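**Q** The structure file run_39.txt (compact mmCIF, C-alpha atoms) is provided below.
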```txt
# COMPACT_ATOMS: atom_id res chain seq x y z
CA ARG R 20 -22.66 -1.23 -5.06
CA PRO R 21 -21.26 2.19 -4.16
CA THR R 22 -17.81 1.88 -2.60
CA ILE R 23 -16.34 4.03 0.08
CA ALA R 24 -13.76 5.58 -2.21
CA GLY R 25 -14.72 5.01 -5.80
CA SER R 26 -17.89 7.08 -5.98
CA ARG R 27 -16.07 9.87 -4.22
CA CYS R 28 -13.09 9.84 -6.55
CA MET R 29 -15.12 9.98 -9.74
CA ALA R 30 -17.95 12.21 -8.52
CA PRO R 31 -18.17 15.92 -9.44
CA GLY R 32 -16.82 16.70 -5.96
CA ALA R 33 -13.59 14.78 -6.49
CA GLN R 34 -11.44 17.68 -5.28
CA VAL R 35 -13.21 17.57 -1.92
CA ASP R 36 -12.45 13.88 -1.67
CA LEU R 37 -8.79 14.37 -2.56
CA ILE R 38 -8.60 16.84 0.32
CA SER R 39 -10.02 14.15 2.59
CA TYR R 40 -7.37 11.65 1.50
CA LEU R 41 -4.58 14.19 1.97
CA SER R 42 -5.95 15.26 5.35
CA GLY R 43 -6.23 11.70 6.62
CA ALA R 44 -2.75 10.78 5.42
CA GLY R 45 -1.23 13.98 6.83
CA LEU R 46 -2.73 13.58 10.28
CA ALA R 47 -1.67 9.92 10.43
CA ALA R 48 1.90 10.81 9.42
CA LEU R 49 2.12 13.56 12.04
CA VAL R 50 0.86 11.40 14.90
CA ASN R 51 3.03 8.43 13.98
CA PHE R 52 6.35 10.13 13.18
CA PRO R 53 8.03 9.15 16.50
CA LEU R 54 7.01 5.52 15.93
CA TRP R 55 8.41 5.60 12.40
CA LYS R 56 11.68 7.01 13.77
CA ALA R 57 11.93 4.17 16.30
CA ALA R 58 11.27 1.55 13.63
CA ALA R 59 13.84 3.08 11.26
CA ILE R 60 16.51 3.00 13.98
CA GLY R 61 15.65 -0.56 15.03
CA GLN R 62 15.46 -2.09 11.55
CA SER R 63 18.61 -0.33 10.35
CA GLY R 64 20.65 -1.66 13.24
CA PHE R 65 21.55 1.85 14.39
CA THR R 66 22.68 2.00 18.00
CA ALA R 67 20.38 3.82 20.40
CA GLN R 68 22.89 4.66 23.12
CA GLY R 69 21.98 5.54 26.68
CA PRO R 70 22.87 4.51 30.23
CA THR R 71 19.35 3.31 31.05
CA PHE R 72 16.34 1.82 29.31
CA PHE R 73 14.47 5.11 29.48
CA ALA R 74 17.43 7.01 28.07
CA ARG R 75 17.52 4.67 25.08
CA LEU R 76 13.75 4.98 24.74
CA LYS R 77 14.14 8.75 24.59
CA VAL R 78 16.63 8.36 21.73
CA LEU R 79 14.16 6.16 19.86
CA LEU R 80 10.99 8.17 20.39
CA GLY R 81 12.09 11.62 21.47
CA PRO R 82 13.68 14.63 19.80
CA PRO R 83 15.63 15.67 17.85
CA TYR R 84 13.22 14.95 15.02
CA LYS R 85 15.53 15.31 12.04
CA GLY R 86 13.91 15.69 8.66
CA VAL R 87 10.43 15.79 10.13
CA ALA R 88 9.01 18.16 7.48
CA ALA R 89 10.40 16.13 4.59
CA THR R 90 9.29 12.85 6.17
CA LEU R 91 5.75 14.12 6.74
CA PHE R 92 5.58 15.44 3.19
CA GLY R 93 6.81 12.16 1.74
CA MET R 94 4.47 10.04 3.83
CA THR R 95 1.44 12.27 3.23
CA TRP R 96 1.55 12.54 -0.54
CA ALA R 97 2.62 8.91 -0.96
CA ARG R 98 -0.16 7.33 1.12
CA ALA R 99 -2.81 9.74 -0.16
CA ALA R 100 -1.82 9.03 -3.77
CA ILE R 101 -1.75 5.26 -3.25
CA PHE R 102 -5.16 4.98 -1.58
CA TYR R 103 -6.85 7.63 -3.72
CA CYS R 104 -5.63 6.28 -7.05
CA ALA R 105 -6.07 2.63 -6.06
CA ASP R 106 -9.68 3.26 -5.04
CA ALA R 107 -10.42 5.35 -8.14
CA GLY R 108 -8.73 2.82 -10.41
CA ARG R 109 -10.62 -0.06 -8.84
CA ASP R 110 -14.00 1.49 -9.51
CA ARG R 111 -13.04 2.52 -13.03
CA MET R 112 -11.84 -1.02 -13.86
CA LEU R 113 -14.99 -2.55 -12.35
CA ALA R 114 -17.08 -0.21 -14.50
CA LEU R 115 -15.15 -1.44 -17.55
CA GLY R 116 -15.92 -5.06 -16.66
CA ALA R 117 -12.68 -6.16 -15.01
CA SER R 118 -12.73 -8.85 -12.34
CA PRO R 119 -12.70 -7.70 -8.70
CA ALA R 120 -9.27 -9.30 -8.18
CA ALA R 121 -7.71 -7.47 -11.12
CA ALA R 122 -9.49 -4.22 -10.25
CA THR R 123 -8.07 -4.35 -6.72
CA ALA R 124 -4.54 -5.48 -7.56
CA LEU R 125 -3.53 -3.70 -10.77
CA PRO R 126 -4.16 -0.06 -9.76
CA ALA R 127 -2.56 -0.69 -6.36
CA VAL R 128 0.54 -2.28 -7.95
CA GLY R 129 0.94 0.50 -10.50
CA ILE R 130 0.52 3.48 -8.21
CA SER R 131 2.51 2.07 -5.30
CA THR R 132 5.43 1.24 -7.62
CA LEU R 133 5.42 4.73 -9.13
CA VAL R 134 5.14 6.42 -5.75
CA GLN R 135 8.00 4.41 -4.25
CA VAL R 136 10.36 5.17 -7.15
CA VAL R 137 9.58 8.89 -7.06
CA ASN R 138 9.79 9.04 -3.26
CA GLN R 139 12.96 6.93 -2.89
CA PRO R 140 15.50 9.79 -2.41
CA ILE R 141 13.34 11.25 0.38
CA VAL R 142 12.97 7.82 1.99
CA ARG R 143 16.68 7.11 1.83
CA GLY R 144 17.71 10.51 3.14
CA THR R 145 15.24 10.63 6.01
CA ILE R 146 16.16 7.11 7.19
CA THR R 147 19.88 7.91 6.97
CA ILE R 148 19.60 10.91 9.30
CA GLN R 149 17.71 8.92 11.93
CA ASP R 150 21.04 7.32 12.89
CA PRO R 151 21.76 8.86 16.31
CA SER R 152 25.42 9.20 15.26
CA SER R 153 24.59 10.95 11.97
CA ARG R 154 26.30 14.32 11.52
CA HIS R 155 23.94 15.49 8.79
CA ALA R 156 21.87 18.46 9.91
CA GLY R 157 18.90 17.52 7.79
CA LEU R 158 17.61 15.88 4.63
CA VAL R 159 19.29 18.26 2.17
CA ALA R 160 22.71 17.72 3.78
CA ALA R 161 22.24 13.94 3.70
CA LEU R 162 21.20 13.96 0.03
CA ARG R 163 24.14 16.17 -0.90
CA HIS R 164 26.51 13.78 0.83
CA ILE R 165 24.96 10.75 -0.90
CA HIS R 166 25.16 12.49 -4.28
CA ALA R 167 28.77 13.54 -3.70
CA THR R 168 29.92 10.08 -2.65
CA ARG R 169 27.64 7.80 -4.68
CA GLY R 170 26.40 9.90 -7.58
CA VAL R 171 22.82 10.26 -8.77
CA SER R 172 22.28 6.50 -8.69
CA GLY R 173 23.08 6.53 -4.98
CA LEU R 174 19.89 8.46 -4.34
CA TRP R 175 17.91 5.47 -5.61
CA HIS R 176 20.06 2.84 -3.87
CA GLY R 177 17.78 0.26 -2.27
CA THR R 178 14.90 0.90 -4.68
CA VAL R 179 14.45 -2.80 -5.57
CA PRO R 180 13.78 -4.02 -2.00
CA ALA R 181 11.83 -0.83 -1.31
CA VAL R 182 9.48 -1.52 -4.22
CA ALA R 183 9.35 -5.22 -3.32
CA LYS R 184 8.34 -4.18 0.19
CA THR R 185 5.97 -1.31 -0.62
CA VAL R 186 3.95 -2.91 -3.41
CA PRO R 187 2.89 -6.08 -1.54
CA LYS R 188 2.33 -4.07 1.65
CA TYR R 189 -0.20 -1.77 0.02
CA VAL R 190 -1.73 -4.40 -2.24
CA VAL R 191 -2.36 -6.59 0.82
CA ALA R 192 -3.62 -3.64 2.88
CA ILE R 193 -5.98 -2.51 0.13
CA TRP R 194 -7.20 -6.06 -0.52
CA VAL R 195 -7.90 -6.63 3.20
CA LYS R 196 -9.59 -3.22 3.45
CA ASP R 197 -11.91 -3.99 0.53
CA ALA R 198 -12.57 -7.56 1.72
CA MET R 199 -13.42 -6.39 5.24
CA GLN R 200 -15.67 -3.70 3.80
CA GLU R 201 -17.67 -6.39 2.04
CA LEU R 202 -17.81 -8.65 5.11
CA LEU R 203 -18.68 -6.09 7.76
CA PRO R 204 -22.33 -5.14 8.29
CA LYS R 205 -23.46 -1.95 6.59
CA PRO R 206 -24.80 0.93 8.72
CA THR R 207 -28.44 0.46 9.55
CA ALA R 208 -28.97 4.15 10.28
CA PRO R 209 -29.25 6.42 7.23
CA PRO R 210 -26.78 9.30 6.78
CA GLY R 211 -27.52 12.12 9.21
CA ALA R 212 -29.54 9.91 11.56
CA PRO R 213 -28.43 9.29 15.16
CA GLY R 214 -25.98 6.43 15.32
CA HIS R 215 -24.93 6.55 11.67
CA ARG R 216 -21.50 8.06 12.28
CA SER R 217 -20.67 5.67 15.12
CA GLN R 218 -21.63 2.69 12.94
CA VAL R 219 -19.48 3.98 10.07
CA LEU R 220 -16.47 4.59 12.32
CA GLN R 221 -16.75 1.26 14.15
CA ALA R 222 -16.69 -0.63 10.87
CA SER R 223 -13.86 1.58 9.60
CA ALA R 224 -11.80 0.91 12.73
CA VAL R 225 -12.05 -2.86 12.25
CA LYS R 226 -11.06 -2.83 8.60
CA SER R 227 -8.30 -0.26 9.21
CA ILE R 228 -6.61 -2.34 11.92
CA ALA R 229 -6.86 -5.52 9.85
CA ALA R 230 -5.43 -3.84 6.74
CA GLY R 231 -2.55 -2.18 8.57
CA VAL R 232 -1.42 -5.27 10.49
CA ALA R 233 -1.60 -7.53 7.42
CA GLY R 234 0.47 -5.15 5.29
CA ALA R 235 3.13 -4.54 7.94
CA ALA R 236 3.68 -8.14 9.02
CA LEU R 237 4.14 -9.40 5.46
CA THR R 238 6.92 -7.00 4.48
CA ASN R 239 9.08 -6.70 7.61
CA PRO R 240 12.04 -8.70 6.14
CA LEU R 241 12.21 -6.38 3.13
CA ASP R 242 12.20 -3.35 5.43
CA VAL R 243 15.24 -4.78 7.23
CA ILE R 244 17.11 -5.46 3.98
CA ARG R 245 16.34 -2.01 2.57
CA ASN R 246 17.44 -0.19 5.70
CA GLU R 247 20.64 -2.23 5.91
CA MET R 248 21.39 -1.30 2.29
CA PHE R 249 20.98 2.36 3.20
CA LYS R 250 23.38 1.95 6.12
CA THR R 251 26.13 -0.01 4.35
CA ASP R 252 25.68 0.90 0.64
CA GLU R 253 25.92 -2.82 -0.18
CA ALA R 254 24.01 -4.42 -3.05
CA LEU R 255 20.81 -6.38 -2.46
CA GLY R 256 22.35 -9.85 -2.71
CA GLU R 257 25.39 -8.93 -0.63
CA THR R 258 23.22 -7.42 2.10
CA THR R 259 20.94 -10.46 2.24
CA ARG R 260 23.85 -12.91 2.41
CA ARG R 261 25.53 -10.90 5.17
CA LEU R 262 22.33 -10.83 7.22
CA LEU R 263 21.89 -14.57 6.83
CA ARG R 264 25.50 -15.23 7.88
CA ARG R 265 25.38 -12.96 10.90
CA GLU R 266 21.82 -13.38 12.13
CA GLY R 267 20.39 -16.38 10.34
CA ALA R 268 16.65 -16.39 9.80
CA SER R 269 16.17 -14.15 12.84
CA PHE R 270 16.74 -11.06 10.70
CA LEU R 271 13.35 -11.76 9.10
CA TRP R 272 11.61 -10.53 12.25
CA ARG R 273 14.18 -8.00 13.45
CA GLY R 274 12.24 -4.92 14.55
CA MET R 275 8.91 -6.66 13.89
CA ALA R 276 7.22 -5.29 16.99
CA ARG R 277 8.25 -1.72 16.16
CA ASN R 278 7.33 -2.22 12.51
CA LEU R 279 3.86 -3.46 13.39
CA VAL R 280 3.34 -0.24 15.29
CA ALA R 281 5.20 2.11 12.96
CA VAL R 282 3.71 0.72 9.72
CA ALA R 283 0.38 -0.78 10.75
CA ALA R 284 -0.61 2.26 12.79
CA PRO R 285 -0.17 4.91 10.06
CA ILE R 286 -1.72 2.75 7.33
CA GLY R 287 -4.69 1.88 9.53
CA MET R 288 -4.98 5.43 10.80
CA THR R 289 -4.85 6.81 7.25
CA ILE R 290 -7.78 4.62 6.24
CA PHE R 291 -9.75 5.41 9.40
CA LEU R 292 -9.16 9.17 9.36
CA THR R 293 -10.00 9.41 5.67
CA ASP R 294 -13.31 7.65 6.29
CA ALA R 295 -14.00 9.88 9.28
CA ILE R 296 -13.19 13.09 7.41
CA VAL R 297 -15.32 12.12 4.41
CA ASP R 298 -18.26 11.22 6.64
CA TYR R 299 -17.90 14.50 8.55
CA ARG R 300 -17.66 16.62 5.40
CA SER R 301 -20.59 14.76 3.84
CA SER R 302 -22.75 15.38 6.90
CA ARG R 303 -22.04 19.10 6.60
CA GLY R 304 -22.94 19.13 2.93
CA VAL R 305 -19.36 19.82 1.79
CA ALA R 306 -19.00 16.63 -0.24
CA SER R 307 -21.09 15.74 -3.26
CA PRO R 308 -24.27 13.63 -2.88
CA ALA R 309 -22.35 10.68 -4.34
CA ALA R 310 -19.73 11.11 -1.66
CA SER R 311 -22.35 11.08 1.06
CA ALA R 312 -23.90 7.90 -0.31
CA SER R 313 -20.56 6.16 -0.56
CA ALA R 314 -19.51 7.14 2.96
CA ALA R 315 -22.64 5.48 4.24
CA THR R 316 -21.37 2.12 3.04
CA ALA R 317 -18.05 2.30 4.90
```
Take the structure in this file and express it as structure tokens.

**A**
Amino acid sequence: RPTIAGSRCMAPGAQVDLISYLSGAGLAALVNFPLWKAAAIGQSGFTAQGPTFFARLKVLLGPPYKGVAATLFGMTWARAAIFYCADAGRDRMLALGASPAAATALPAVGISTLVQVVNQPIVRGTITIQDPSSRHAGLVAALRHIHATRGVSGLWHGTVPAVAKTVPKYVVAIWVKDAMQELLPKPTAPPGAPGHRSQVLQASAVKSIAAGVAGAALTNPLDVIRNEMFKTDEALGETTRRLLRREGASFLWRGMARNLVAVAAPIGMTIFLTDAIVDYRSSRGVASPAASASAATA
């Protein structure tokens, strides 16, 4: 069975497919940046001050967009790397005889862990400057302050809950994406025929929404703990105990609504846009024949 990503990743036109992953992830990050900002403020417990509801909403969703370039860069390469390498790894492991469960889980666990560790300073700095009261002008100023006050290790403060949050989120999202791909009906129209693209995109929309929501809902508590660690510089256990004392179990769903939008939307949109871009490029003859065949099974 050709898969939507695997044949593309290992085909002669792999560079074209990498461009599709990067393009999909970049567009999703750009569109969803204001939602990510609102979720970061809500989960971190930062105060969005304003005399009215709409004034507070402007603080959450409106400018200034501090660290936008660094945030978009971090989100784009991270999501593109996770989905690209997880899909490529899955097909390679299946070709070597691995079980579908192992082929789905192991590459996703490995690449999402690596990406989160490498990306952690950017994540910490960009979340820190979303505090409306932050005096840091941008990411570089925030990282310099963290380094000066906490040392090099401070740049990776909160890595444990970040990895614990990121790995299950993407493993679940990728598992749901692949499961939905198997369950949904395949396009009845051949590539290039009328109706083929709409059938591909309709199926992609369903699996994208399901994957994004599942990944975001599962890891909301770890998002809260990580963001609190960034705000207070407390250790993991100390942060968790403080949250339980002050808020009880309610901290587990603090900012859940915003997180479902801010996390589910970009993950789902990344999957959907990548499928759409691959199908478009394949229809124009830009992608390899293997890529065109795999896009048809979206």

**Q** Have a look at atom CA of R:Leu263 and atom CA of R:Lys250 and let me know their distance in Å, one decimal.

**A**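 It comes out at 16.6 Å.
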
**Q** Counting only C-alpha atoms, which of R:Val191, R:Leu158, R:Leu237, R:Ala44 gets nearest to R:Ile290?

**A**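 Ranked by minimum distance to R:Ile290, first place goes to R:Ala44.
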
**Q** Please list as a compact mmCIF listing (two decimals) with C-alpha atoms, in the frame of the given file every residue within 6 Å of stretch 169-185 of chain R, counting only C-alpha atoms and excluding residues in the same chain fewer than 5 positions away.

**A**
```txt
# COMPACT_ATOMS: atom_id res chain seq x y z
CA THR R 132 5.43 1.24 -7.62
CA GLN R 139 12.96 6.93 -2.89
CA PRO R 140 15.50 9.79 -2.41
CA THR R 238 6.92 -7.00 4.48
CA LEU R 241 12.21 -6.38 3.13
CA ARG R 245 16.34 -2.01 2.57
```

**Q** List as number ranges by chain the protein and nucleic acid residues near R:Ala284, meaning an atom at most 8 Å away when all atoms listed in the file are counted, but skip any in the same chain fewer than 2 places from it.

**A** R: 51, 228, 231-232, 279-282, 286-288

**Q** Could you check how far atom CA of R:Asn138 sits from atom CA of R:Ala198, in Å to one decimal?

**A**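 That distance, rounded to one decimal, is 28.3 Å.
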
**Q** Using only C-alpha atoms, give me every residue within 12 Å of (-9.3, -8.3, 4.1) in file coordinates, as a list in words.

**A**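 Checked against the point, the hits come out as Thr123, Tyr189, Val190, Val191, Ala192, Ile193, Trp194, Val195, Lys196, Asp197, Ala198, Met199, Gln200, Glu201, Leu202, Leu203, Val225, Lys226, Ser227, Ile228, Ala229, Ala230, Gly231, Val232, Ala233 and Gly234 of chain R.
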
**Q** Create the file for the chosen residues now, containing C-alpha atoms and written as an mmCIF file, in the coordinates of the input.

**A**
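As written to disk, part-v6.cif reads:
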```
data_model
loop_
_atom_site.group_PDB
_atom_site.id
_atom_site.type_symbol
_atom_site.label_atom_id
_atom_site.label_comp_id
_atom_site.auth_asym_id
_atom_site.auth_seq_id
_atom_site.Cartn_x
_atom_site.Cartn_y
_atom_site.Cartn_z
ATOM 1 C CA THR R 123 -8.070 -4.350 -6.720
ATOM 2 C CA TYR R 189 -0.200 -1.770 0.020
ATOM 3 C CA VAL R 190 -1.730 -4.400 -2.240
ATOM 4 C CA VAL R 191 -2.360 -6.590 0.820
ATOM 5 C CA ALA R 192 -3.620 -3.640 2.880
ATOM 6 C CA ILE R 193 -5.980 -2.510 0.130
ATOM 7 C CA TRP R 194 -7.200 -6.060 -0.520
ATOM 8 C CA VAL R 195 -7.900 -6.630 3.200
ATOM 9 C CA LYS R 196 -9.590 -3.220 3.450
ATOM 10 C CA ASP R 197 -11.910 -3.990 0.530
ATOM 11 C CA ALA R 198 -12.570 -7.560 1.720
ATOM 12 C CA MET R 199 -13.420 -6.390 5.240
ATOM 13 C CA GLN R 200 -15.670 -3.700 3.800
ATOM 14 C CA GLU R 201 -17.670 -6.390 2.040
ATOM 15 C CA LEU R 202 -17.810 -8.650 5.110
ATOM 16 C CA LEU R 203 -18.680 -6.090 7.760
ATOM 17 C CA VAL R 225 -12.050 -2.860 12.250
ATOM 18 C CA LYS R 226 -11.060 -2.830 8.600
ATOM 19 C CA SER R 227 -8.300 -0.260 9.210
ATOM 20 C CA ILE R 228 -6.610 -2.340 11.920
ATOM 21 C CA ALA R 229 -6.860 -5.520 9.850
ATOM 22 C CA ALA R 230 -5.430 -3.840 6.740
ATOM 23 C CA GLY R 231 -2.550 -2.180 8.570
ATOM 24 C CA VAL R 232 -1.420 -5.270 10.490
ATOM 25 C CA ALA R 233 -1.600 -7.530 7.420
ATOM 26 C CA GLY R 234 0.470 -5.150 5.290
#
```

**Q** Where atoms are missing, can you supply all heavy atoms for stretch 288-299 of chain R and output the lot as a CSV table (one decimal), in the coordinates of the input?

**A**
```csv
chain,number,residue,atom,x,y,z
R,288,MET,N,-4.5,4.1,10.4
R,288,MET,CA,-5.0,5.4,10.8
R,288,MET,C,-5.3,6.3,9.6
R,288,MET,O,-6.3,7.0,9.6
R,288,MET,CB,-4.0,6.2,11.7
R,288,MET,CG,-4.5,7.4,12.4
R,288,MET,SD,-3.3,8.1,13.5
R,288,MET,CE,-3.3,6.9,14.8
R,289,THR,N,-4.5,6.1,8.5
R,289,THR,CA,-4.8,6.8,7.2
R,289,THR,C,-6.2,6.4,6.7
R,289,THR,O,-7.0,7.3,6.3
R,289,THR,CB,-3.8,6.5,6.2
R,289,THR,OG1,-2.5,7.0,6.7
R,289,THR,CG2,-4.1,7.2,4.9
R,290,ILE,N,-6.5,5.1,6.7
R,290,ILE,CA,-7.8,4.6,6.2
R,290,ILE,C,-8.9,5.1,7.1
R,290,ILE,O,-9.9,5.7,6.7
R,290,ILE,CB,-7.8,3.1,6.2
R,290,ILE,CG1,-6.8,2.6,5.2
R,290,ILE,CG2,-9.2,2.6,5.9
R,290,ILE,CD1,-6.5,1.1,5.2
R,291,PHE,N,-8.7,5.0,8.5
R,291,PHE,CA,-9.8,5.4,9.4
R,291,PHE,C,-10.0,6.9,9.3
R,291,PHE,O,-11.2,7.3,9.3
R,291,PHE,CB,-9.3,5.0,10.8
R,291,PHE,CG,-10.3,5.4,11.9
R,291,PHE,CD1,-11.4,4.7,12.1
R,291,PHE,CD2,-10.1,6.6,12.6
R,291,PHE,CE1,-12.4,5.1,13.1
R,291,PHE,CE2,-11.0,7.0,13.6
R,291,PHE,CZ,-12.2,6.2,13.8
R,292,LEU,N,-9.0,7.7,9.4
R,292,LEU,CA,-9.2,9.2,9.4
R,292,LEU,C,-9.8,9.7,8.1
R,292,LEU,O,-10.6,10.6,8.0
R,292,LEU,CB,-7.8,9.9,9.6
R,292,LEU,CG,-7.3,9.7,11.0
R,292,LEU,CD1,-5.9,10.4,11.1
R,292,LEU,CD2,-8.2,10.4,12.1
R,293,THR,N,-9.4,9.0,6.9
R,293,THR,CA,-10.0,9.4,5.7
R,293,THR,C,-11.5,9.1,5.7
R,293,THR,O,-12.3,10.0,5.3
R,293,THR,CB,-9.3,8.7,4.5
R,293,THR,OG1,-7.9,9.0,4.5
R,293,THR,CG2,-10.0,9.1,3.2
R,294,ASP,N,-11.9,8.0,6.2
R,294,ASP,CA,-13.3,7.6,6.3
R,294,ASP,C,-14.0,8.7,7.2
R,294,ASP,O,-15.1,9.1,6.9
R,294,ASP,CB,-13.5,6.2,6.9
R,294,ASP,CG,-13.2,5.2,5.9
R,294,ASP,OD1,-12.9,5.5,4.7
R,294,ASP,OD2,-13.1,4.0,6.3
R,295,ALA,N,-13.4,9.0,8.3
R,295,ALA,CA,-14.0,9.9,9.3
R,295,ALA,C,-14.2,11.3,8.7
R,295,ALA,O,-15.2,11.9,8.9
R,295,ALA,CB,-13.2,9.9,10.6
R,296,ILE,N,-13.1,11.8,8.0
R,296,ILE,CA,-13.2,13.1,7.4
R,296,ILE,C,-14.2,13.2,6.3
R,296,ILE,O,-15.0,14.1,6.2
R,296,ILE,CB,-11.8,13.5,6.9
R,296,ILE,CG1,-10.8,13.7,8.1
R,296,ILE,CG2,-11.9,14.8,6.1
R,296,ILE,CD1,-9.4,13.9,7.7
R,297,VAL,N,-14.3,12.1,5.5
R,297,VAL,CA,-15.3,12.1,4.4
R,297,VAL,C,-16.7,12.1,5.0
R,297,VAL,O,-17.6,12.8,4.5
R,297,VAL,CB,-15.1,10.9,3.5
R,297,VAL,CG1,-16.3,10.7,2.6
R,297,VAL,CG2,-13.9,11.1,2.6
R,298,ASP,N,-16.9,11.3,6.0
R,298,ASP,CA,-18.3,11.2,6.6
R,298,ASP,C,-18.6,12.6,7.3
R,298,ASP,O,-19.8,13.0,7.2
R,298,ASP,CB,-18.3,10.1,7.7
R,298,ASP,CG,-19.7,9.9,8.3
R,298,ASP,OD1,-20.5,9.4,7.5
R,298,ASP,OD2,-19.9,10.3,9.4
R,299,TYR,N,-17.7,13.2,7.9
R,299,TYR,CA,-17.9,14.5,8.6
R,299,TYR,C,-18.2,15.6,7.5
R,299,TYR,O,-19.2,16.3,7.6
R,299,TYR,CB,-16.7,14.9,9.4
R,299,TYR,CG,-16.8,16.3,9.9
R,299,TYR,CD1,-17.6,16.6,11.0
R,299,TYR,CD2,-16.1,17.4,9.3
R,299,TYR,CE1,-17.6,17.9,11.5
R,299,TYR,CE2,-16.1,18.7,9.8
R,299,TYR,CZ,-16.9,18.9,10.9
R,299,TYR,OH,-17.0,20.2,11.4
```
